$ cat structure13.txt   # compact mmCIF, C-alpha atoms and all ligand atoms
# COMPACT_ATOMS: atom_id res chain seq x y z
CA MET Z 143 -137.95 -45.00 74.91
CA THR Z 144 -139.63 -47.09 77.56
CA SER Z 145 -138.10 -50.27 76.16
CA ARG Z 146 -134.64 -48.93 77.09
CA PHE Z 147 -135.36 -49.69 80.69
CA VAL Z 148 -137.25 -52.95 80.31
CA PRO Z 149 -135.14 -56.06 79.91
CA SER Z 150 -136.74 -58.47 77.47
CA SER Z 151 -138.64 -61.27 79.16
CA LYS Z 152 -137.45 -64.83 79.12
CA SER Z 153 -140.14 -65.84 76.64
CA ASN Z 154 -139.31 -63.00 74.28
CA ARG Z 155 -135.70 -63.97 74.31
CA ARG Z 156 -136.45 -67.55 73.45
CA GLU Z 157 -138.75 -66.62 70.59
CA THR Z 158 -136.96 -63.91 68.67
CA ILE Z 159 -133.67 -62.55 69.95
CA LYS Z 160 -130.28 -64.16 69.43
CA PRO Z 161 -128.27 -64.17 72.66
CA VAL Z 162 -125.36 -62.21 71.16
CA VAL Z 163 -127.65 -59.39 70.07
CA GLU Z 164 -129.33 -59.21 73.42
CA HIS Z 165 -126.00 -59.08 75.20
CA MET Z 166 -124.90 -56.10 73.11
CA GLU Z 167 -128.18 -54.29 73.72
CA GLN Z 168 -128.02 -54.84 77.44
CA ARG Z 169 -124.59 -53.35 77.58
CA LEU Z 170 -125.59 -50.26 75.66
CA LEU Z 171 -128.87 -49.72 77.45
CA PHE Z 172 -127.36 -49.88 80.89
CA ALA Z 173 -124.07 -48.03 80.23
CA ALA Z 174 -122.93 -46.45 83.48
CA ALA Z 175 -121.59 -42.90 83.39
CA PRO Z 176 -117.76 -43.22 83.34
CA ARG Z 177 -116.09 -42.02 86.52
CA VAL Z 178 -112.49 -40.88 86.94
CA THR Z 179 -110.50 -43.23 89.16
CA SER Z 180 -106.97 -41.83 88.81
CA ILE Z 181 -105.37 -38.47 88.00
CA VAL Z 182 -101.63 -37.98 87.43
CA PRO Z 183 -100.48 -34.46 86.47
CA ASP Z 184 -96.82 -33.49 86.18
CA ASN Z 185 -95.12 -30.13 86.67
CA ARG Z 186 -94.64 -29.50 82.93
CA GLY Z 187 -98.29 -29.94 82.03
CA GLU Z 188 -98.62 -33.59 81.07
CA VAL Z 189 -101.74 -35.18 82.55
CA MET Z 190 -103.08 -38.74 82.66
CA ILE Z 191 -106.76 -39.12 83.60
CA THR Z 192 -108.04 -42.68 83.93
CA PHE Z 193 -111.71 -43.66 83.86
CA ASP Z 194 -113.36 -46.85 85.10
CA SER Z 195 -114.85 -47.56 81.67
CA ALA Z 196 -114.16 -46.75 78.03
CA LEU Z 197 -114.87 -43.37 76.45
CA ASP Z 198 -116.05 -42.45 72.97
CA PRO Z 199 -112.81 -41.48 71.18
CA THR Z 200 -114.59 -38.96 68.93
CA THR Z 201 -115.53 -36.91 72.02
CA VAL Z 202 -112.03 -36.80 73.52
CA LYS Z 203 -110.45 -33.82 71.75
CA SER Z 204 -108.75 -30.54 72.56
CA THR Z 205 -112.00 -28.57 72.73
CA ASN Z 206 -113.26 -30.90 75.49
CA VAL Z 207 -110.07 -31.38 77.48
CA GLN Z 208 -108.48 -28.03 78.30
CA ILE Z 209 -105.53 -26.78 80.30
CA HIS Z 210 -105.01 -23.17 81.33
CA THR Z 211 -102.57 -21.19 83.40
CA ALA Z 212 -103.81 -18.19 85.41
CA GLY Z 213 -102.01 -15.51 83.37
CA ALA Z 214 -100.50 -12.27 84.65
CA ASP Z 215 -103.21 -11.60 87.24
CA ASP Z 216 -102.52 -14.97 88.90
CA VAL Z 217 -106.28 -15.58 89.13
CA PHE Z 218 -108.08 -18.38 87.32
CA GLY Z 219 -111.24 -17.71 85.36
CA THR Z 220 -110.33 -14.22 84.19
CA ALA Z 221 -109.76 -12.91 80.68
CA ASP Z 222 -105.97 -13.19 80.73
CA ASP Z 223 -105.92 -16.94 81.43
CA VAL Z 224 -103.62 -18.71 78.97
CA LYS Z 225 -104.87 -21.81 77.14
CA ILE Z 226 -102.01 -24.28 76.72
CA ASP Z 227 -101.65 -25.89 73.32
CA GLY Z 228 -101.56 -29.65 73.61
CA ILE Z 229 -102.21 -33.04 72.09
CA VAL Z 230 -105.00 -35.24 73.42
CA ARG Z 231 -104.87 -39.01 73.08
CA LEU Z 232 -107.06 -41.82 74.37
CA LYS Z 233 -105.12 -44.88 75.55
CA THR Z 234 -105.43 -48.05 77.60
CA GLY Z 235 -108.63 -49.51 76.13
CA ASN Z 236 -109.98 -45.96 75.62
CA ARG Z 237 -110.12 -45.49 79.40
CA ARG Z 238 -107.19 -43.11 79.81
CA ILE Z 239 -106.99 -39.53 78.57
CA TRP Z 240 -103.37 -38.63 77.92
CA TRP Z 241 -102.91 -34.89 77.52
CA ARG Z 242 -99.48 -33.60 76.69
CA PRO Z 243 -98.27 -30.12 75.82
CA ARG Z 244 -97.09 -29.55 72.29
CA VAL Z 245 -93.73 -28.23 73.51
CA ALA Z 246 -91.44 -29.66 76.20
CA VAL Z 247 -91.66 -26.61 78.47
CA PRO Z 248 -95.04 -24.89 77.90
CA PHE Z 249 -94.70 -22.76 81.06
CA ALA Z 250 -92.20 -22.41 83.91
CA ALA Z 251 -92.09 -25.77 85.69
CA ASP Z 252 -94.27 -25.87 88.83
CA THR Z 253 -96.69 -23.24 87.53
CA THR Z 254 -100.18 -24.03 88.81
CA TYR Z 255 -102.57 -24.97 85.99
CA SER Z 256 -106.22 -25.86 85.69
CA VAL Z 257 -107.54 -28.97 83.99
CA LYS Z 258 -111.08 -29.25 82.68
CA VAL Z 259 -112.71 -32.29 81.10
CA SER Z 260 -116.15 -31.37 79.81
CA GLY Z 261 -118.91 -33.33 81.51
CA LYS Z 262 -121.29 -32.26 78.79
CA ASN Z 263 -119.26 -33.26 75.76
CA VAL Z 264 -117.07 -36.20 76.76
CA LYS Z 265 -119.13 -39.37 76.44
CA ALA Z 266 -119.01 -43.04 77.29
CA ALA Z 267 -118.26 -45.57 74.55
CA ASP Z 268 -121.97 -45.65 73.65
CA GLY Z 269 -121.60 -42.07 72.38
CA VAL Z 270 -124.58 -40.97 74.47
CA THR Z 271 -123.92 -41.31 78.19
CA LYS Z 272 -122.10 -38.34 79.74
CA ILE Z 273 -119.14 -38.85 82.07
CA ASP Z 274 -119.84 -38.43 85.78
CA GLY Z 275 -117.08 -35.87 86.26
CA GLU Z 276 -117.46 -33.87 89.47
CA PHE Z 277 -114.09 -33.77 91.23
CA ASN Z 278 -114.30 -35.23 94.74
CA GLY Z 279 -110.71 -34.80 95.86
CA PRO Z 280 -107.37 -36.53 95.28
CA GLY Z 281 -107.53 -40.31 95.17
CA VAL Z 282 -111.33 -40.37 95.23
CA ALA Z 283 -113.47 -41.44 92.25
CA SER Z 284 -115.24 -38.58 90.51
CA GLY Z 285 -118.96 -38.01 90.18
CA ASN Z 286 -122.21 -37.60 92.06
CA GLY Z 287 -123.93 -40.67 90.66
CA THR Z 288 -125.49 -38.90 87.71
CA GLY Z 289 -123.98 -38.47 84.23
CA GLY Z 290 -122.66 -34.98 83.51
CA GLY Z 291 -120.57 -32.54 85.56
CA ASP Z 292 -117.15 -31.23 84.58
CA LEU Z 293 -113.98 -32.75 85.94
CA LEU Z 294 -112.19 -29.65 87.14
CA PHE Z 295 -109.03 -29.45 89.24
CA LEU Z 296 -105.83 -27.48 89.76
CA ALA Z 297 -102.41 -29.11 89.41
CA LYS Z 298 -99.76 -27.54 91.63
CA ARG Z 299 -96.24 -28.06 92.85
CA ASP Z 300 -95.62 -30.85 95.37
CA LYS Z 301 -93.95 -29.04 98.27
CA SER Z 302 -93.43 -32.16 100.38
CA ALA Z 303 -89.98 -33.31 101.47
CA SER Z 304 -90.06 -36.25 99.03
CA PRO Z 305 -91.72 -35.35 95.72
CA THR Z 306 -91.98 -37.99 93.01
CA ALA Z 307 -90.09 -37.93 89.72
CA ARG Z 308 -91.68 -40.06 87.01
CA PHE Z 309 -89.30 -41.65 84.54
CA SER Z 310 -91.54 -42.48 81.56
CA THR Z 311 -89.59 -45.11 79.65
CA VAL Z 312 -90.44 -47.26 76.66
CA GLU Z 313 -90.53 -50.20 79.08
CA GLY Z 314 -92.96 -48.49 81.48
CA ASN Z 315 -92.92 -45.90 84.26
CA ILE Z 316 -90.48 -45.77 87.16
CA ASP Z 317 -91.64 -43.47 89.96
CA VAL Z 318 -88.75 -42.25 92.08
CA SER Z 319 -89.14 -40.66 95.50
CA LEU Z 320 -86.64 -37.80 95.70
CA ASP Z 321 -84.71 -36.87 98.85
CA THR Z 322 -84.83 -33.08 99.23
CA VAL Z 323 -83.66 -33.16 102.85
CA ASN Z 324 -80.34 -34.99 102.79
CA THR Z 325 -79.32 -34.14 99.23
CA PRO Z 326 -80.63 -30.62 98.57
CA ALA Z 327 -77.96 -29.59 96.07
CA THR Z 328 -78.38 -32.80 94.11
CA TYR Z 329 -82.15 -32.28 94.13
CA ALA Z 330 -81.74 -28.73 92.78
CA ASN Z 331 -79.39 -30.06 90.12
CA PHE Z 332 -81.93 -32.76 89.20
CA LEU Z 333 -84.65 -30.12 88.81
CA HIS Z 334 -82.52 -28.14 86.35
CA TYR Z 335 -82.48 -31.06 83.90
CA ALA Z 336 -86.02 -32.31 84.58
CA ASP Z 337 -87.75 -28.93 84.59
CA ASN Z 338 -86.13 -27.86 81.34
CA GLY Z 339 -87.05 -31.10 79.57
CA LEU Z 340 -83.38 -31.90 78.98
CA TRP Z 341 -83.90 -35.58 79.77
CA ASP Z 342 -86.84 -35.97 77.39
CA TYR Z 343 -85.89 -38.63 74.81
CA SER Z 344 -82.68 -39.42 76.62
CA PHE Z 345 -81.55 -43.04 76.67
CA MET Z 346 -79.88 -45.49 79.01
CA HIS Z 347 -76.40 -45.86 77.59
CA ARG Z 348 -74.90 -48.36 80.04
CA SER Z 349 -76.09 -51.53 81.72
CA VAL Z 350 -73.99 -53.89 83.80
CA SER Z 351 -75.70 -57.06 84.99
CA ASN Z 352 -76.59 -57.13 88.72
CA PHE Z 353 -74.88 -53.76 89.12
CA VAL Z 354 -76.33 -50.63 87.48
CA VAL Z 355 -78.34 -49.22 84.59
CA GLN Z 356 -77.17 -45.73 83.74
CA GLY Z 357 -78.53 -42.80 81.75
CA GLY Z 358 -79.07 -39.05 81.77
CA GLY Z 359 -76.11 -38.02 79.62
CA PHE Z 360 -77.24 -38.63 76.05
CA ASN Z 361 -80.37 -38.22 74.00
CA VAL Z 362 -81.96 -38.91 70.65
CA ASN Z 363 -83.15 -36.00 68.53
CA ILE Z 364 -86.61 -37.17 67.47
CA ASN Z 365 -86.48 -35.10 64.28
CA THR Z 366 -83.10 -36.23 62.98
CA ASN Z 367 -82.84 -39.54 64.92
CA ASN Z 368 -79.26 -38.53 65.78
CA MET Z 369 -77.72 -39.31 69.15
CA GLY Z 370 -76.28 -36.35 71.04
CA THR Z 371 -74.86 -35.09 74.32
CA ILE Z 372 -77.18 -33.30 76.73
CA PRO Z 373 -75.76 -29.87 77.65
CA THR Z 374 -74.59 -29.72 81.25
CA VAL Z 375 -74.24 -27.02 83.89
CA SER Z 376 -71.60 -26.79 86.65
CA PRO Z 377 -71.05 -30.03 88.59
CA VAL Z 378 -72.85 -30.54 91.87
CA VAL Z 379 -71.14 -31.00 95.22
CA ASN Z 380 -71.07 -34.58 96.53
CA GLU Z 381 -73.75 -35.26 99.16
CA PHE Z 382 -73.28 -38.90 100.03
CA HIS Z 383 -75.74 -39.84 102.77
CA THR Z 384 -77.85 -42.89 101.86
CA SER Z 385 -76.48 -46.34 101.10
CA ASN Z 386 -76.35 -47.59 97.47
CA THR Z 387 -78.74 -50.48 98.00
CA ARG Z 388 -80.98 -52.11 95.39
CA GLY Z 389 -83.67 -49.80 94.02
CA THR Z 390 -81.91 -46.53 94.83
CA ILE Z 391 -80.80 -43.96 92.26
CA ALA Z 392 -77.50 -42.10 92.51
CA MET Z 393 -75.41 -39.60 90.57
CA ALA Z 394 -72.59 -40.80 88.33
CA LYS Z 395 -69.29 -38.93 88.37
CA LEU Z 396 -65.73 -38.91 87.15
CA GLY Z 397 -63.16 -41.22 88.76
CA GLY Z 398 -61.10 -39.57 91.51
CA ASP Z 399 -63.34 -36.48 91.64
CA PRO Z 400 -66.17 -36.70 94.21
CA ASN Z 401 -67.67 -33.34 93.19
CA SER Z 402 -68.00 -33.97 89.46
CA ALA Z 403 -71.61 -35.16 88.97
CA THR Z 404 -73.63 -33.32 86.31
CA ASP Z 405 -76.49 -34.99 84.41
CA GLN Z 406 -75.81 -38.73 84.57
CA TRP Z 407 -77.54 -40.96 87.10
CA PHE Z 408 -77.79 -44.69 87.65
CA PHE Z 409 -80.20 -47.12 89.26
CA ASN Z 410 -78.60 -49.54 91.68
CA GLU Z 411 -79.82 -52.89 90.34
CA GLY Z 412 -78.05 -54.83 93.07
CA ASP Z 413 -76.82 -53.97 96.56
CA ASN Z 414 -73.73 -51.94 95.67
CA SER Z 415 -73.11 -50.49 99.12
CA GLY Z 416 -70.11 -52.64 99.94
CA GLY Z 417 -68.37 -55.71 98.58
CA GLY Z 418 -66.61 -55.35 95.24
CA ALA Z 419 -68.58 -52.28 94.24
CA SER Z 420 -68.17 -50.29 97.46
CA LEU Z 421 -70.20 -47.38 96.09
CA ASP Z 422 -70.72 -46.07 99.62
CA THR Z 423 -67.00 -45.48 100.07
CA GLN Z 424 -65.44 -45.27 96.58
CA ASN Z 425 -64.71 -41.72 95.33
CA GLY Z 426 -66.27 -40.13 98.43
CA GLY Z 427 -69.36 -42.29 98.16
CA PHE Z 428 -71.93 -41.99 95.36
CA THR Z 429 -74.80 -39.65 96.19
CA VAL Z 430 -78.08 -41.54 96.44
CA PHE Z 431 -80.80 -38.92 95.90
CA GLY Z 432 -83.90 -41.08 95.62
CA ASN Z 433 -85.40 -44.52 95.57
CA VAL Z 434 -87.84 -46.40 93.35
CA LYS Z 435 -91.20 -45.97 95.05
CA ASN Z 436 -93.04 -49.18 94.36
CA ALA Z 437 -93.00 -52.75 93.05
CA SER Z 438 -94.15 -51.81 89.56
CA GLY Z 439 -91.25 -49.36 89.24
CA LEU Z 440 -88.80 -52.00 90.43
CA ALA Z 441 -90.25 -54.41 87.86
CA VAL Z 442 -89.60 -51.88 85.09
CA MET Z 443 -86.08 -51.27 86.42
CA ASP Z 444 -85.48 -55.05 86.35
CA GLN Z 445 -86.91 -55.33 82.84
CA ILE Z 446 -84.46 -52.71 81.64
CA ALA Z 447 -81.59 -54.40 83.46
CA ALA Z 448 -82.55 -57.68 81.77
CA LEU Z 449 -82.29 -56.24 78.24
CA PRO Z 450 -79.41 -57.54 76.15
CA THR Z 451 -76.46 -55.17 75.87
CA GLN Z 452 -74.44 -54.44 72.78
CA ASP Z 453 -71.08 -52.87 72.06
CA LEU Z 454 -71.83 -49.87 69.83
CA SER Z 455 -68.51 -48.15 70.44
CA THR Z 456 -67.27 -48.57 66.87
CA SER Z 457 -68.88 -46.52 64.10
CA PRO Z 458 -72.55 -46.54 65.13
CA ALA Z 459 -75.01 -44.85 62.77
CA HIS Z 460 -76.54 -41.47 63.76
CA ASP Z 461 -73.54 -40.35 65.81
CA PRO Z 462 -72.49 -36.90 64.52
CA SER Z 463 -71.35 -35.88 68.05
CA GLY Z 464 -69.01 -38.82 68.41
CA ILE Z 465 -70.44 -40.30 71.62
CA ALA Z 466 -69.58 -43.86 70.50
CA PRO Z 467 -66.84 -44.48 73.11
CA VAL Z 468 -69.42 -44.51 75.94
CA LEU Z 469 -71.61 -47.08 74.15
CA SER Z 470 -69.67 -50.26 74.91
CA GLU Z 471 -72.34 -51.77 77.21
CA THR Z 472 -75.55 -50.30 75.84
CA PRO Z 473 -78.89 -51.89 76.73
CA MET Z 474 -80.89 -52.61 73.57
CA LEU Z 475 -84.60 -52.87 72.91
CA ASN Z 476 -83.56 -54.41 69.61
CA THR Z 477 -80.06 -55.64 69.03
CA VAL Z 478 -78.62 -54.80 65.63
CA ALA Z 479 -76.47 -56.85 63.26
CA SER Z 480 -73.84 -54.12 63.35
CA PRO Z 481 -73.55 -50.63 64.96
CA ALA Z 482 -73.82 -49.15 61.46
CA GLN Z 483 -77.41 -50.38 61.35
CA LEU Z 484 -78.45 -48.67 64.59
CA ASP Z 485 -81.84 -46.92 64.50
CA PRO Z 486 -81.58 -44.97 67.78
CA ILE Z 487 -85.23 -44.10 68.42
CA THR Z 488 -86.41 -47.70 68.04
CA ASP Z 489 -83.36 -49.71 69.13
CA LEU Z 490 -82.18 -47.82 72.23
CA MET Z 491 -83.66 -47.86 75.74
CA VAL Z 492 -85.33 -44.45 75.47
CA VAL Z 493 -86.60 -42.45 78.46
CA ARG Z 494 -89.40 -40.41 76.91
CA ARG Z 495 -89.73 -37.96 79.77
CA ILE Z 496 -88.61 -37.21 83.32
CA ALA Z 497 -90.85 -34.81 85.24
CA ILE Z 498 -91.93 -34.14 88.80
CA LEU Z 499 -95.49 -35.19 89.61
CA ASP Z 500 -97.80 -32.43 90.80
CA LYS Z 501 -100.31 -32.42 93.62
CA TYR Z 502 -103.89 -31.68 92.56
CA VAL Z 503 -106.75 -29.99 94.37
CA ALA Z 504 -110.32 -28.90 93.77
CA PHE Z 505 -110.93 -25.88 91.57
CA PRO Z 506 -111.98 -23.34 92.67
CA MET Z 507 -109.70 -23.66 95.65
CA PRO Z 508 -111.49 -24.55 98.83
CA THR Z 509 -111.63 -21.52 101.16
CA CA Z 601 -106.20 -14.93 84.99
CA CA Z 602 -122.40 -35.96 87.67

$ encode --input "structure13.txt" --output "structure tokens" --more "lines below"
Ligand SMILES: [Ca+2]
Ligand SMILES: [Ca+2]
Amino acid sequence: MTSRFVPSSKSNRRETIKPVVEHMEQRLLFAAAPRVTSIVPDNRGEVMITFDSALDPTTVKSTNVQIHTAGADDVFGTADDVKIDGIVRLKTGNRRIWWRPRVAVPFAADTTYSVKVSGKNVKAADGVTKIDGEFNGPGVASGNGTGGGDLLFLAKRDKSASPTARFSTVEGNIDVSLDTVNTPATYANFLHYADNGLWDYSFMHRSVSNFVVQGGGFNVNINTNNMGTIPTVSPVVNEFHTSNTRGTIAMAKLGGDPNSATDQWFFNEGDNSGGGASLDTQNGGFTVFGNVKNASGLAVMDQIAALPTQDLSTSPAHDPSGIAPVLSETPMLNTVASPAQLDPITDLMVVRRIAILDKYVAFPMPT
């Protein structure tokens, strides 16, 4: 055991040990306890936990990463707590734990839930070193400097005036800051579709260069690979307030009917406030209800806008609902030789999930 902490001397190295072997040993012997550097929970129970170094994949499993709701007594740590069934994956060079519930809506959206990553059982890539897991607060790296200690926190609803909706797309994430103050009805309408998972596996069906990319109305059934129409509720009243500038998101609606928006939205790729587009004045003005929060989200938006489009409006495959007429300017991850060869789940610009990001706090709650 003592040799673990004694680097080989220069003379030793020269005599017997090949440099590549020594390098490997050094790395293993001095493995630091992985610390958590980023936590992103959403309001339907999906959680991303990122560490500063790689984990041992065999130790990242559902027994060691657990999510519970408080149960009927509304108190955590009692017998009626409900363990949520989920799927645990290790991504991003084995540094990121991706926990997702097995069903789209595992509990009422915004329910507070606890997250526990076992400090005893989840190990560094060496299979020996324990994670340094003690939760130190939002945005702060975990740990107390010594391996071991559970990562334990509560995820809860973001009650701020501008919560974040994460659009998880096949091209990357777009985080959108939502405007609850100026567009409250549109925000409530947005929550209906997001909180019920209705936009999961939806796809962007329209892209017009330097103008908009549009989605929210249609989805792909991941079991049948068929395209379909997302069920809608009553239209929402128009709440035009914020200008349709680049990087904003607004509701789509029917021509000549300001109060007809339901589930379709569009990102303003260019400045569409005035000029030929005139989205601030046309049809009562289009309701901007949020804006892309950061540069990485804008980059993803631009990547999507840069995809080639294809006219799929004539006899596409996997279209039992007959949505083809809306698919004349469809952005494509992979263009197809003919619409009849369309493979929706791989060829279309799929939005895997839209959910509101939660806040997270220490567990137990600070008094
Ligand atoms: Ca309980
Ligand atoms: Ca520790």

$ residues_near_ligand --input "structure13.txt" --ligand "ligand CA 601 (chain Z)" --cutoff "8 Å" --atoms "only C-alpha atoms and all ligand atoms" --output "MDAnalysis selection string"
chainID Z and resid 211:224

$ atom_distance --input "structure13.txt" --atom1 "CA of Gly290 in chain Z" --atom2 "CA of Arg237 in chain Z"
16.9 Å

$ residues_near_ligand --input "structure13.txt" --ligand "ligand CA 602 (chain Z)" --cutoff "9 Å" --atoms "all atoms listed in the file" --output "NGL selection string"
:Z and (175 or 177 or 261 or 272-276 or 284-292)

$ atom_distance --input "structure13.txt" --atom1 "CA of Ser376 in chain Z" --atom2 "CA of Ser344 in chain Z"
19.6 Å

$ atom_distance --input "structure13.txt" --atom1 "CA of Thr322 in chain Z" --atom2 "CA of Val282 in chain Z"
27.8 Å

$ closest_residue --input "structure13.txt" --among "Z:Asn278, Z:Ser204, Z:Asn363, Z:Thr325" --to "Arg494 in chain Z" --atoms "all atoms listed in the file"
Z:Asn363

$ closest_residue --input "structure13.txt" --among "Z:Met369, Z:Ala403, Z:Ala267, Z:Ile391" --to "Ser319 in chain Z" --atoms "all atoms listed in the file"
Z:Ile391

$ residues_near_point --input "structure13.txt" --point "(-74.5, -48.3, 76.3)" --cutoff "12 Å" --atoms "all atoms listed in the file" --output "PDB file with C-alpha atoms, in the coordinates of the input"
ATOM      1  CA  PHE Z 345     -81.550 -43.040  76.670  1.00  0.00           C
ATOM      2  CA  MET Z 346     -79.880 -45.490  79.010  1.00  0.00           C
ATOM      3  CA  HIS Z 347     -76.400 -45.860  77.590  1.00  0.00           C
ATOM      4  CA  ARG Z 348     -74.900 -48.360  80.040  1.00  0.00           C
ATOM      5  CA  SER Z 349     -76.090 -51.530  81.720  1.00  0.00           C
ATOM      6  CA  VAL Z 350     -73.990 -53.890  83.800  1.00  0.00           C
ATOM      7  CA  VAL Z 354     -76.330 -50.630  87.480  1.00  0.00           C
ATOM      8  CA  VAL Z 355     -78.340 -49.220  84.590  1.00  0.00           C
ATOM      9  CA  GLN Z 356     -77.170 -45.730  83.740  1.00  0.00           C
ATOM     10  CA  GLY Z 357     -78.530 -42.800  81.750  1.00  0.00           C
ATOM     11  CA  GLY Z 358     -79.070 -39.050  81.770  1.00  0.00           C
ATOM     12  CA  GLY Z 359     -76.110 -38.020  79.620  1.00  0.00           C
ATOM     13  CA  PHE Z 360     -77.240 -38.630  76.050  1.00  0.00           C
ATOM     14  CA  ASN Z 361     -80.370 -38.220  74.000  1.00  0.00           C
ATOM     15  CA  MET Z 369     -77.720 -39.310  69.150  1.00  0.00           C
ATOM     16  CA  ALA Z 447     -81.590 -54.400  83.460  1.00  0.00           C
ATOM     17  CA  LEU Z 449     -82.290 -56.240  78.240  1.00  0.00           C
ATOM     18  CA  PRO Z 450     -79.410 -57.540  76.150  1.00  0.00           C
ATOM     19  CA  THR Z 451     -76.460 -55.170  75.870  1.00  0.00           C
ATOM     20  CA  GLN Z 452     -74.440 -54.440  72.780  1.00  0.00           C
ATOM     21  CA  ASP Z 453     -71.080 -52.870  72.060  1.00  0.00           C
ATOM     22  CA  LEU Z 454     -71.830 -49.870  69.830  1.00  0.00           C
ATOM     23  CA  SER Z 455     -68.510 -48.150  70.440  1.00  0.00           C
ATOM     24  CA  THR Z 456     -67.270 -48.570  66.870  1.00  0.00           C
ATOM     25  CA  PRO Z 458     -72.550 -46.540  65.130  1.00  0.00           C
ATOM     26  CA  ILE Z 465     -70.440 -40.300  71.620  1.00  0.00           C
ATOM     27  CA  ALA Z 466     -69.580 -43.860  70.500  1.00  0.00           C
ATOM     28  CA  PRO Z 467     -66.840 -44.480  73.110  1.00  0.00           C
ATOM     29  CA  VAL Z 468     -69.420 -44.510  75.940  1.00  0.00           C
ATOM     30  CA  LEU Z 469     -71.610 -47.080  74.150  1.00  0.00           C
ATOM     31  CA  SER Z 470     -69.670 -50.260  74.910  1.00  0.00           C
ATOM     32  CA  GLU Z 471     -72.340 -51.770  77.210  1.00  0.00           C
ATOM     33  CA  THR Z 472     -75.550 -50.300  75.840  1.00  0.00           C
ATOM     34  CA  PRO Z 473     -78.890 -51.890  76.730  1.00  0.00           C
ATOM     35  CA  MET Z 474     -80.890 -52.610  73.570  1.00  0.00           C
ATOM     36  CA  LEU Z 475     -84.600 -52.870  72.910  1.00  0.00           C
ATOM     37  CA  THR Z 477     -80.060 -55.640  69.030  1.00  0.00           C
ATOM     38  CA  PRO Z 481     -73.550 -50.630  64.960  1.00  0.00           C
ATOM     39  CA  PRO Z 486     -81.580 -44.970  67.780  1.00  0.00           C
ATOM     40  CA  ASP Z 489     -83.360 -49.710  69.130  1.00  0.00           C
ATOM     41  CA  LEU Z 490     -82.180 -47.820  72.230  1.00  0.00           C
ATOM     42  CA  MET Z 491     -83.660 -47.860  75.740  1.00  0.00           C
ATOM     43  CA  VAL Z 492     -85.330 -44.450  75.470  1.00  0.00           C
TER      44      VAL Z 492
END

$ residues_around --input "structure13.txt" --residues "Thr390 in chain Z" --least-positions-apart "5" --cutoff "9 Å" --atoms "only C-alpha atoms" --output "PyMOL selection string"
chain Z and resi 318+384-385+408-411+430-434

$ closest_residue --input "structure13.txt" --among "Z:Leu340, Z:Ala266, Z:Ala482, Z:Val178" --to "Leu294 in chain Z" --atoms "only C-alpha atoms"
Z:Val178

$ axis_aligned_box --input "structure13.txt" --around "range 485-490 of chain Z" --padding-each-side "5 Å" --output "JSON"
{"center_x": -84.0, "center_y": -46.9, "center_z": 68.4, "size_x": 14.8, "size_y": 15.6, "size_z": 17.7}

$ closest_residue --input "structure13.txt" --among "Z:Val189, Z:Val270, Z:Ala448, Z:Ala283" --to "Ala497 in chain Z" --atoms "all atoms listed in the file"
Z:Val189

$ residues_around --input "structure13.txt" --residues "Pro183 in chain Z" --least-positions-apart "3" --cutoff "8 Å" --atoms "all atoms listed in the file" --output "list of chain:residue names"
Z:Gly187, Z:Glu188, Z:Val189, Z:Met190, Z:Ala297, Z:Leu499, Z:Asp500, Z:Lys501, Z:Tyr502

$ closest_residue --input "structure13.txt" --among "Z:Leu232, Z:Met443, Z:Ala303, Z:Ala330" --to "Val493 in chain Z" --atoms "all atoms listed in the file"
Z:Met443

$ closest_residue --input "structure13.txt" --among "Z:Arg308, Z:Arg495, Z:His210, Z:His460" --to "Gly439 in chain Z" --atoms "only C-alpha atoms"
Z:Arg308

$ residues_near_point --input "structure13.txt" --point "(-117.7, -40.6, 72.8)" --cutoff "6 Å" --atoms "only C-alpha atoms" --output "PyMOL selection string"
chain Z and resi 197-201+264-267+269

$ residues_around --input "structure13.txt" --residues "Ala419 in chain Z" --least-positions-apart "6" --cutoff "10 Å" --atoms "only C-alpha atoms" --output "PyMOL selection string"
chain Z and resi 353+386+412-413

$ build_atoms --input "structure13.txt" --residues "range 225-232 of chain Z" --atoms "N, CA and C atoms" --output "tab-separated table (two decimals), in the frame of the given file"
chain	number	residue	atom	x	y	z
Z	225	LYS	N	-104.56	-20.43	77.53
Z	225	LYS	CA	-104.87	-21.81	77.14
Z	225	LYS	C	-103.59	-22.44	76.59
Z	226	ILE	N	-103.25	-23.61	77.14
Z	226	ILE	CA	-102.01	-24.28	76.72
Z	226	ILE	C	-102.31	-25.21	75.55
Z	227	ASP	N	-101.47	-25.09	74.53
Z	227	ASP	CA	-101.65	-25.89	73.32
Z	227	ASP	C	-101.14	-27.32	73.57
Z	228	GLY	N	-101.98	-28.28	73.33
Z	228	GLY	CA	-101.56	-29.65	73.61
Z	228	GLY	C	-102.17	-30.68	72.68
Z	229	ILE	N	-101.76	-31.91	72.90
Z	229	ILE	CA	-102.21	-33.04	72.09
Z	229	ILE	C	-102.96	-33.99	73.00
Z	230	VAL	N	-104.18	-34.35	72.61
Z	230	VAL	CA	-105.00	-35.24	73.42
Z	230	VAL	C	-105.06	-36.62	72.78
Z	231	ARG	N	-104.78	-37.63	73.58
Z	231	ARG	CA	-104.87	-39.01	73.08
Z	231	ARG	C	-105.72	-39.82	74.05
Z	232	LEU	N	-106.30	-40.90	73.53
Z	232	LEU	CA	-107.06	-41.82	74.37
Z	232	LEU	C	-106.34	-43.16	74.32
